[in-house]
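What follows is the content of target_31.cif, which has mmCIF, C-alpha atoms:
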data_upload
loop_
_atom_site.group_PDB
_atom_site.id
_atom_site.type_symbol
_atom_site.label_atom_id
_atom_site.label_comp_id
_atom_site.auth_asym_id
_atom_site.auth_seq_id
_atom_site.Cartn_x
_atom_site.Cartn_y
_atom_site.Cartn_z
ATOM 1 C CA MET A 1 28.756 0.889 -49.611
ATOM 2 C CA GLN A 2 32.197 -0.022 -50.836
ATOM 3 C CA TYR A 3 35.081 2.297 -50.009
ATOM 4 C CA LYS A 4 38.757 2.163 -50.766
ATOM 5 C CA ALA A 5 41.214 3.253 -48.085
ATOM 6 C CA GLU A 6 44.669 4.265 -49.276
ATOM 7 C CA ILE A 7 47.055 4.018 -46.364
ATOM 8 C CA HIS A 8 50.598 5.398 -46.386
ATOM 9 C CA VAL A 9 52.875 4.028 -43.669
ATOM 10 C CA THR A 10 56.158 5.900 -43.263
ATOM 11 C CA LEU A 11 58.971 5.707 -40.759
ATOM 12 C CA LYS A 12 59.048 8.557 -38.262
ATOM 13 C CA ARG A 13 61.639 11.184 -39.161
ATOM 14 C CA THR A 14 63.892 10.323 -36.259
ATOM 15 C CA VAL A 15 64.025 6.626 -37.120
ATOM 16 C CA ASN A 16 66.904 5.358 -39.232
ATOM 17 C CA ASP A 17 65.870 3.932 -42.605
ATOM 18 C CA PRO A 18 68.334 1.278 -43.837
ATOM 19 C CA GLN A 19 66.133 0.400 -46.812
ATOM 20 C CA GLY A 20 66.073 4.037 -47.902
ATOM 21 C CA LEU A 21 69.856 4.266 -47.527
ATOM 22 C CA ALA A 22 70.301 1.105 -49.611
ATOM 23 C CA ILE A 23 68.069 2.513 -52.365
ATOM 24 C CA ARG A 24 70.024 5.789 -52.268
ATOM 25 C CA GLY A 25 73.277 3.841 -52.625
ATOM 26 C CA GLY A 26 71.872 1.908 -55.559
ATOM 27 C CA LEU A 27 70.717 5.088 -57.292
ATOM 28 C CA HIS A 28 74.138 6.705 -56.801
ATOM 29 C CA SER A 29 75.771 3.589 -58.276
ATOM 30 C CA LEU A 30 73.521 3.937 -61.314
ATOM 31 C CA GLY A 31 74.738 7.507 -61.760
ATOM 32 C CA TYR A 32 71.897 9.432 -60.110
ATOM 33 C CA GLU A 33 74.241 11.611 -58.074
ATOM 34 C CA SER A 34 71.592 14.310 -57.675
ATOM 35 C CA VAL A 35 69.668 12.124 -55.244
ATOM 36 C CA ASP A 36 69.897 13.564 -51.758
ATOM 37 C CA THR A 37 67.672 11.540 -49.436
ATOM 38 C CA VAL A 38 65.478 8.468 -49.880
ATOM 39 C CA ARG A 39 62.827 7.239 -47.467
ATOM 40 C CA ALA A 40 61.075 3.922 -47.994
ATOM 41 C CA GLY A 41 57.555 3.273 -46.766
ATOM 42 C CA LYS A 42 54.494 1.140 -47.426
ATOM 43 C CA PHE A 43 51.391 1.827 -49.479
ATOM 44 C CA ILE A 44 48.423 -0.349 -48.581
ATOM 45 C CA GLU A 45 45.085 -0.318 -50.388
ATOM 46 C CA VAL A 46 42.100 -1.714 -48.490
ATOM 47 C CA TRP A 47 38.657 -2.178 -50.045
ATOM 48 C CA LEU A 48 36.009 -2.411 -47.343
ATOM 49 C CA GLU A 49 32.291 -2.148 -46.718
ATOM 50 C CA ALA A 50 31.114 0.727 -44.527
ATOM 51 C CA ASP A 51 27.951 2.767 -43.977
ATOM 52 C CA SER A 52 29.616 6.119 -44.598
ATOM 53 C CA GLU A 53 32.940 7.680 -45.485
ATOM 54 C CA ASP A 54 33.432 8.647 -41.825
ATOM 55 C CA GLU A 55 32.889 5.038 -40.772
ATOM 56 C CA ALA A 56 35.337 3.823 -43.432
ATOM 57 C CA ARG A 57 37.929 6.312 -42.206
ATOM 58 C CA ARG A 58 37.417 5.299 -38.574
ATOM 59 C CA LEU A 59 37.874 1.624 -39.477
ATOM 60 C CA ALA A 60 40.971 2.295 -41.587
ATOM 61 C CA ASP A 61 42.506 4.400 -38.803
ATOM 62 C CA GLU A 62 41.879 1.581 -36.315
ATOM 63 C CA MET A 63 43.321 -1.077 -38.637
ATOM 64 C CA SER A 64 46.409 1.035 -39.263
ATOM 65 C CA ASP A 65 46.962 1.559 -35.574
ATOM 66 C CA GLN A 66 46.417 -2.103 -34.679
ATOM 67 C CA LEU A 67 48.050 -3.979 -37.550
ATOM 68 C CA LEU A 68 49.338 -2.028 -40.521
ATOM 69 C CA ALA A 69 51.685 0.393 -38.786
ATOM 70 C CA ASN A 70 53.941 0.101 -35.778
ATOM 71 C CA PRO A 71 53.049 3.298 -33.894
ATOM 72 C CA VAL A 72 56.365 3.260 -32.034
ATOM 73 C CA ILE A 73 58.420 3.879 -35.170
ATOM 74 C CA GLU A 74 55.919 4.604 -37.936
ATOM 75 C CA ASP A 75 53.378 7.248 -38.900
ATOM 76 C CA PHE A 76 50.391 6.570 -41.101
ATOM 77 C CA ARG A 77 47.869 8.604 -43.051
ATOM 78 C CA VAL A 78 44.557 7.455 -44.475
ATOM 79 C CA GLN A 79 42.703 8.676 -47.572
ATOM 80 C CA ILE A 80 39.225 7.388 -48.401
ATOM 81 C CA ALA A 81 37.555 7.133 -51.796
ATOM 82 C CA GLU A 82 34.170 5.705 -52.724
ATOM 83 C CA THR A 83 34.816 3.021 -55.272
ATOM 84 C CA PRO A 84 33.282 0.145 -57.135
ATOM 85 C CA SER A 85 34.324 -3.283 -55.959
ATOM 86 C CA PRO A 86 37.641 -4.388 -57.493
ATOM 87 C CA SER A 87 35.812 -6.866 -59.669
ATOM 88 C CA GLY A 88 37.657 -9.190 -61.981
ATOM 89 C CA ARG A 89 40.455 -9.182 -59.509
ATOM 90 C CA GLY A 90 39.567 -12.338 -57.639
ATOM 91 C CA LEU A 91 42.513 -11.897 -55.332
ATOM 92 C CA GLY A 92 40.720 -10.867 -52.152
ATOM 93 C CA MET B 1 66.367 23.341 -57.189
ATOM 94 C CA GLN B 2 65.316 20.656 -54.748
ATOM 95 C CA TYR B 3 62.327 18.521 -55.613
ATOM 96 C CA LYS B 4 60.639 15.655 -53.849
ATOM 97 C CA ALA B 5 59.412 12.720 -55.889
ATOM 98 C CA GLU B 6 56.709 10.579 -54.319
ATOM 99 C CA ILE B 7 56.725 7.186 -56.001
ATOM 100 C CA HIS B 8 54.004 4.567 -55.561
ATOM 101 C CA VAL B 9 54.976 1.059 -56.610
ATOM 102 C CA THR B 10 52.077 -1.398 -56.823
ATOM 103 C CA LEU B 11 51.739 -4.930 -58.086
ATOM 104 C CA LYS B 12 49.979 -5.272 -61.419
ATOM 105 C CA ARG B 13 46.348 -6.337 -61.043
ATOM 106 C CA THR B 14 46.949 -9.758 -62.508
ATOM 107 C CA VAL B 15 49.805 -10.558 -60.123
ATOM 108 C CA ASN B 16 49.042 -12.470 -56.952
ATOM 109 C CA ASP B 17 49.732 -10.543 -53.741
ATOM 110 C CA PRO B 18 50.555 -12.870 -50.832
ATOM 111 C CA GLN B 19 51.411 -9.952 -48.535
ATOM 112 C CA GLY B 20 48.015 -8.391 -49.204
ATOM 113 C CA LEU B 21 46.303 -11.707 -48.538
ATOM 114 C CA ALA B 22 48.206 -12.091 -45.257
ATOM 115 C CA ILE B 23 47.168 -8.591 -44.165
ATOM 116 C CA ARG B 24 43.564 -9.357 -45.108
ATOM 117 C CA GLY B 25 43.711 -12.548 -43.015
ATOM 118 C CA GLY B 26 45.120 -10.622 -40.075
ATOM 119 C CA LEU B 27 42.421 -7.974 -40.326
ATOM 120 C CA HIS B 28 39.695 -10.623 -40.452
ATOM 121 C CA SER B 29 41.206 -12.286 -37.371
ATOM 122 C CA LEU B 30 41.016 -8.952 -35.589
ATOM 123 C CA GLY B 31 37.308 -8.758 -36.405
ATOM 124 C CA TYR B 32 37.372 -6.509 -39.464
ATOM 125 C CA GLU B 33 35.091 -8.776 -41.472
ATOM 126 C CA SER B 34 34.044 -5.911 -43.752
ATOM 127 C CA VAL B 35 37.460 -5.950 -45.434
ATOM 128 C CA ASP B 36 37.139 -7.265 -48.966
ATOM 129 C CA THR B 37 40.505 -6.951 -50.712
ATOM 130 C CA VAL B 38 43.947 -5.746 -49.606
ATOM 131 C CA ARG B 39 46.829 -4.898 -51.917
ATOM 132 C CA ALA B 40 50.274 -4.109 -50.512
ATOM 133 C CA GLY B 41 52.704 -1.816 -52.296
ATOM 134 C CA LYS B 42 55.653 0.475 -51.685
ATOM 135 C CA PHE B 43 55.830 4.215 -51.126
ATOM 136 C CA ILE B 44 59.236 5.737 -51.812
ATOM 137 C CA GLU B 45 60.120 9.390 -51.244
ATOM 138 C CA VAL B 46 63.161 10.701 -53.122
ATOM 139 C CA TRP B 47 64.593 14.184 -52.598
ATOM 140 C CA LEU B 48 66.703 15.204 -55.569
ATOM 141 C CA GLU B 49 68.282 18.191 -57.299
ATOM 142 C CA ALA B 50 66.986 19.063 -60.763
ATOM 143 C CA ASP B 51 66.757 22.109 -63.013
ATOM 144 C CA SER B 52 63.003 21.894 -63.469
ATOM 145 C CA GLU B 53 59.967 19.905 -62.440
ATOM 146 C CA ASP B 54 59.979 18.157 -65.811
ATOM 147 C CA GLU B 55 63.607 17.139 -65.320
ATOM 148 C CA ALA B 56 62.819 15.856 -61.801
ATOM 149 C CA ARG B 57 59.921 13.828 -63.184
ATOM 150 C CA ARG B 58 62.047 12.391 -65.988
ATOM 151 C CA LEU B 59 64.732 11.345 -63.491
ATOM 152 C CA ALA B 60 62.216 9.824 -61.080
ATOM 153 C CA ASP B 61 60.553 7.900 -63.934
ATOM 154 C CA GLU B 62 63.928 6.534 -65.019
ATOM 155 C CA MET B 63 64.916 5.561 -61.475
ATOM 156 C CA SER B 64 61.597 3.801 -60.961
ATOM 157 C CA ASP B 65 61.966 1.874 -64.171
ATOM 158 C CA GLN B 66 65.580 0.902 -63.505
ATOM 159 C CA LEU B 67 65.665 0.216 -59.780
ATOM 160 C CA LEU B 68 62.586 0.974 -57.709
ATOM 161 C CA ALA B 69 59.992 -1.098 -59.554
ATOM 162 C CA ASN B 70 60.131 -4.418 -61.348
ATOM 163 C CA PRO B 71 58.335 -3.562 -64.588
ATOM 164 C CA VAL B 72 57.453 -7.211 -65.197
ATOM 165 C CA ILE B 73 55.138 -7.431 -62.208
ATOM 166 C CA GLU B 74 54.811 -3.888 -60.869
ATOM 167 C CA ASP B 75 53.392 -0.535 -61.934
ATOM 168 C CA PHE B 76 54.628 2.778 -60.618
ATOM 169 C CA ARG B 77 53.427 6.359 -60.575
ATOM 170 C CA VAL B 78 55.425 9.494 -59.812
ATOM 171 C CA GLN B 79 54.286 12.760 -58.247
ATOM 172 C CA ILE B 80 56.670 15.721 -58.007
ATOM 173 C CA ALA B 81 56.650 18.548 -55.482
ATOM 174 C CA GLU B 82 59.062 21.426 -55.038
ATOM 175 C CA THR B 83 60.327 21.228 -51.519
ATOM 176 C CA PRO B 84 62.917 22.504 -49.117
ATOM 177 C CA SER B 85 65.712 20.100 -48.329
ATOM 178 C CA PRO B 86 64.754 17.656 -45.566
ATOM 179 C CA SER B 87 67.138 19.426 -43.232
ATOM 180 C CA GLY B 88 67.652 18.279 -39.701
ATOM 181 C CA ARG B 89 67.109 14.784 -40.927
ATOM 182 C CA GLY B 90 70.717 13.774 -41.382
ATOM 183 C CA LEU B 91 69.648 10.389 -42.628
ATOM 184 C CA GLY B 92 70.403 10.779 -46.310
#
Translate this file's structure into structure tokens.
Amino acid sequence: MQYKAEIHVTLKRTVNDPQGLAIRGGLHSLGYESVDTVRAGKFIEVWLEADSEDEARRLADEMSDQLLANPVIEDFRVQIAETPSPSGRGLG
Amino acid sequence: MQYKAEIHVTLKRTVNDPQGLAIRGGLHSLGYESVDTVRAGKFIEVWLEADSEDEARRLADEMSDQLLANPVIEDFRVQIAETPSPSGRGLG
């Protein structure tokens, strides 16, 4: 069955985030003075075949740990949804 | 009141995603042959002051349109949560 894993990769709280600071600076320059803090992370969608939702989650956790996130400085969280193949996309 | 906007920025479906393709190649090399498609996007968390949730959403939509996303090739979606200040962070 086809599942879609939505993976959020975020910097750990104690790690400095220069990209977030740059975005914050840009927003302040545009007049959004009410912006306090900005943190920048990654959002990765993975469509994969698996026998069950548990299997899909296990695979996505493994992939995140091995390739998608750097466990030294980043956290990740995985959400799984059953989904039709992303047909008409032709980008995979 | 302090709100947190969670902003997902993703490439439009018709736009090629070389980063997603590279991740897919890496996952296949690691043995995850069941991976079909990968799409890479951004996840941006913004803590901001606003008078209401609607106001926070309006601001976050504007920011996304002006700075965070490139509307020509990217879509974005905004979720708002009321939240305590990210105190102890000192990174803003």
For this session: With a cut-off of 6 Å and counting all atoms listed in the file, select all residues of chain B in contact with chain A and give the selection as a ChimeraX atom specification.
Result: /B:34-49,92
Put those residues in a file: C-alpha atoms, as an mmCIF file, keeping the file's coordinate frame.
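Result written to selection_9.cif:
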data_model
loop_
_atom_site.group_PDB
_atom_site.id
_atom_site.type_symbol
_atom_site.label_atom_id
_atom_site.label_comp_id
_atom_site.auth_asym_id
_atom_site.auth_seq_id
_atom_site.Cartn_x
_atom_site.Cartn_y
_atom_site.Cartn_z
ATOM 1 C CA SER B 34 34.044 -5.911 -43.752
ATOM 2 C CA VAL B 35 37.460 -5.950 -45.434
ATOM 3 C CA ASP B 36 37.139 -7.265 -48.966
ATOM 4 C CA THR B 37 40.505 -6.951 -50.712
ATOM 5 C CA VAL B 38 43.947 -5.746 -49.606
ATOM 6 C CA ARG B 39 46.829 -4.898 -51.917
ATOM 7 C CA ALA B 40 50.274 -4.109 -50.512
ATOM 8 C CA GLY B 41 52.704 -1.816 -52.296
ATOM 9 C CA LYS B 42 55.653 0.475 -51.685
ATOM 10 C CA PHE B 43 55.830 4.215 -51.126
ATOM 11 C CA ILE B 44 59.236 5.737 -51.812
ATOM 12 C CA GLU B 45 60.120 9.390 -51.244
ATOM 13 C CA VAL B 46 63.161 10.701 -53.122
ATOM 14 C CA TRP B 47 64.593 14.184 -52.598
ATOM 15 C CA LEU B 48 66.703 15.204 -55.569
ATOM 16 C CA GLU B 49 68.282 18.191 -57.299
ATOM 17 C CA GLY B 92 70.403 10.779 -46.310
#
Report chain A as a CSV table (one decimal) with C-alpha atoms, in the coordinates of the input in the frame of chain B, after least-squares superposition over all C-alpha atoms paired in order.
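Printed below is selection.csv as written:
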chain,number,residue,atom,x,y,z
A,1,MET,CA,66.4,23.3,-57.2
A,2,GLN,CA,65.3,20.7,-54.7
A,3,TYR,CA,62.3,18.5,-55.6
A,4,LYS,CA,60.6,15.7,-53.8
A,5,ALA,CA,59.4,12.7,-55.9
A,6,GLU,CA,56.7,10.6,-54.3
A,7,ILE,CA,56.7,7.2,-56.0
A,8,HIS,CA,54.0,4.6,-55.6
A,9,VAL,CA,55.0,1.0,-56.6
A,10,THR,CA,52.1,-1.4,-56.8
A,11,LEU,CA,51.7,-4.9,-58.1
A,12,LYS,CA,50.0,-5.3,-61.4
A,13,ARG,CA,46.4,-6.3,-61.1
A,14,THR,CA,47.0,-9.8,-62.5
A,15,VAL,CA,49.8,-10.6,-60.1
A,16,ASN,CA,49.0,-12.5,-56.9
A,17,ASP,CA,49.7,-10.5,-53.7
A,18,PRO,CA,50.6,-12.9,-50.8
A,19,GLN,CA,51.4,-9.9,-48.5
A,20,GLY,CA,48.0,-8.4,-49.2
A,21,LEU,CA,46.3,-11.7,-48.5
A,22,ALA,CA,48.2,-12.1,-45.3
A,23,ILE,CA,47.2,-8.6,-44.2
A,24,ARG,CA,43.6,-9.4,-45.1
A,25,GLY,CA,43.7,-12.5,-43.0
A,26,GLY,CA,45.1,-10.6,-40.1
A,27,LEU,CA,42.4,-8.0,-40.3
A,28,HIS,CA,39.7,-10.6,-40.4
A,29,SER,CA,41.2,-12.3,-37.4
A,30,LEU,CA,41.0,-8.9,-35.6
A,31,GLY,CA,37.3,-8.8,-36.4
A,32,TYR,CA,37.4,-6.5,-39.5
A,33,GLU,CA,35.1,-8.8,-41.5
A,34,SER,CA,34.0,-5.9,-43.7
A,35,VAL,CA,37.4,-5.9,-45.4
A,36,ASP,CA,37.1,-7.2,-49.0
A,37,THR,CA,40.5,-6.9,-50.7
A,38,VAL,CA,43.9,-5.7,-49.6
A,39,ARG,CA,46.8,-4.9,-51.9
A,40,ALA,CA,50.3,-4.1,-50.5
A,41,GLY,CA,52.7,-1.8,-52.3
A,42,LYS,CA,55.7,0.5,-51.7
A,43,PHE,CA,55.8,4.2,-51.1
A,44,ILE,CA,59.2,5.7,-51.8
A,45,GLU,CA,60.1,9.4,-51.3
A,46,VAL,CA,63.2,10.7,-53.1
A,47,TRP,CA,64.6,14.2,-52.6
A,48,LEU,CA,66.7,15.2,-55.6
A,49,GLU,CA,68.3,18.2,-57.3
A,50,ALA,CA,67.0,19.1,-60.7
A,51,ASP,CA,66.8,22.1,-63.0
A,52,SER,CA,63.0,21.9,-63.5
A,53,GLU,CA,60.0,19.9,-62.4
A,54,ASP,CA,60.0,18.2,-65.8
A,55,GLU,CA,63.6,17.1,-65.3
A,56,ALA,CA,62.8,15.9,-61.8
A,57,ARG,CA,59.9,13.8,-63.2
A,58,ARG,CA,62.1,12.4,-66.0
A,59,LEU,CA,64.7,11.3,-63.5
A,60,ALA,CA,62.2,9.8,-61.1
A,61,ASP,CA,60.6,7.9,-63.9
A,62,GLU,CA,63.9,6.5,-65.0
A,63,MET,CA,64.9,5.6,-61.5
A,64,SER,CA,61.6,3.8,-61.0
A,65,ASP,CA,62.0,1.9,-64.2
A,66,GLN,CA,65.6,0.9,-63.5
A,67,LEU,CA,65.7,0.2,-59.8
A,68,LEU,CA,62.6,1.0,-57.7
A,69,ALA,CA,60.0,-1.1,-59.6
A,70,ASN,CA,60.1,-4.4,-61.3
A,71,PRO,CA,58.3,-3.6,-64.6
A,72,VAL,CA,57.5,-7.2,-65.2
A,73,ILE,CA,55.1,-7.4,-62.2
A,74,GLU,CA,54.8,-3.9,-60.9
A,75,ASP,CA,53.4,-0.5,-61.9
A,76,PHE,CA,54.6,2.8,-60.6
A,77,ARG,CA,53.4,6.4,-60.6
A,78,VAL,CA,55.4,9.5,-59.8
A,79,GLN,CA,54.3,12.8,-58.3
A,80,ILE,CA,56.7,15.7,-58.0
A,81,ALA,CA,56.6,18.5,-55.5
A,82,GLU,CA,59.0,21.4,-55.0
A,83,THR,CA,60.3,21.2,-51.5
A,84,PRO,CA,62.9,22.5,-49.1
A,85,SER,CA,65.7,20.1,-48.3
A,86,PRO,CA,64.8,17.7,-45.6
A,87,SER,CA,67.1,19.4,-43.2
A,88,GLY,CA,67.6,18.2,-39.7
A,89,ARG,CA,67.1,14.8,-41.0
A,90,GLY,CA,70.7,13.8,-41.4
A,91,LEU,CA,69.7,10.4,-42.7
A,92,GLY,CA,70.5,10.8,-46.4
For this session: Identify which of the residues B:Glu74, B:Gln79, B:Met1, B:Lys12 lies closest to Asp61 in chain B, counting only C-alpha atoms when measuring atom-to-atom distances.
Result: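 Looking at the shortest contact to Asp61 in chain B, the residue is B:Gln79.
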Exercise. Care to translate the PyMOL selection byres ((chain B and resi 53) around 8) into actual residues of this file, as a list in words?
Worked result: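 For this structure, the PyMOL selection byres ((chain B and resi 53) around 8) captures Tyr3, Ala50, Asp51, Ser52, Asp54, Glu55, Ala56, Arg57, Ile80, Ala81 and Glu82 of chain B.
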Problem set entry | Point-to-point distance from CA of Phe76 in chain A to CA of Thr83 in chain B, Å rounded to tenths |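 Atom-to-atom, CA of Phe76 in chain A and CA of Thr83 in chain B are spaced 20.5 Å apart.
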Using all atoms of range 38-53 of chain A that appear in the file, construct an axis-aligned enclosing box with 5 Å of padding on every side and provide its centre coordinates and edge lengths in Å, rounded to one decimal, as JSON.
{"center_x": 46.7, "center_y": 3.0, "center_z": -47.2, "size_x": 47.5, "size_y": 20.9, "size_z": 16.4}
Problem set entry | Two-atom distance - CA of Asn70 in chain B, CA of Pro71 in chain A (Å) |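 Interatomic distance here is 29.4 Å.
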For this session: For CA of Leu11 in chain A and CA of Ala69 in chain B, determine how far apart the two atoms are, in Å to one decimal place.
Result: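 Separation between CA of Leu11 in chain A and CA of Ala69 in chain B: 20.0 Å.
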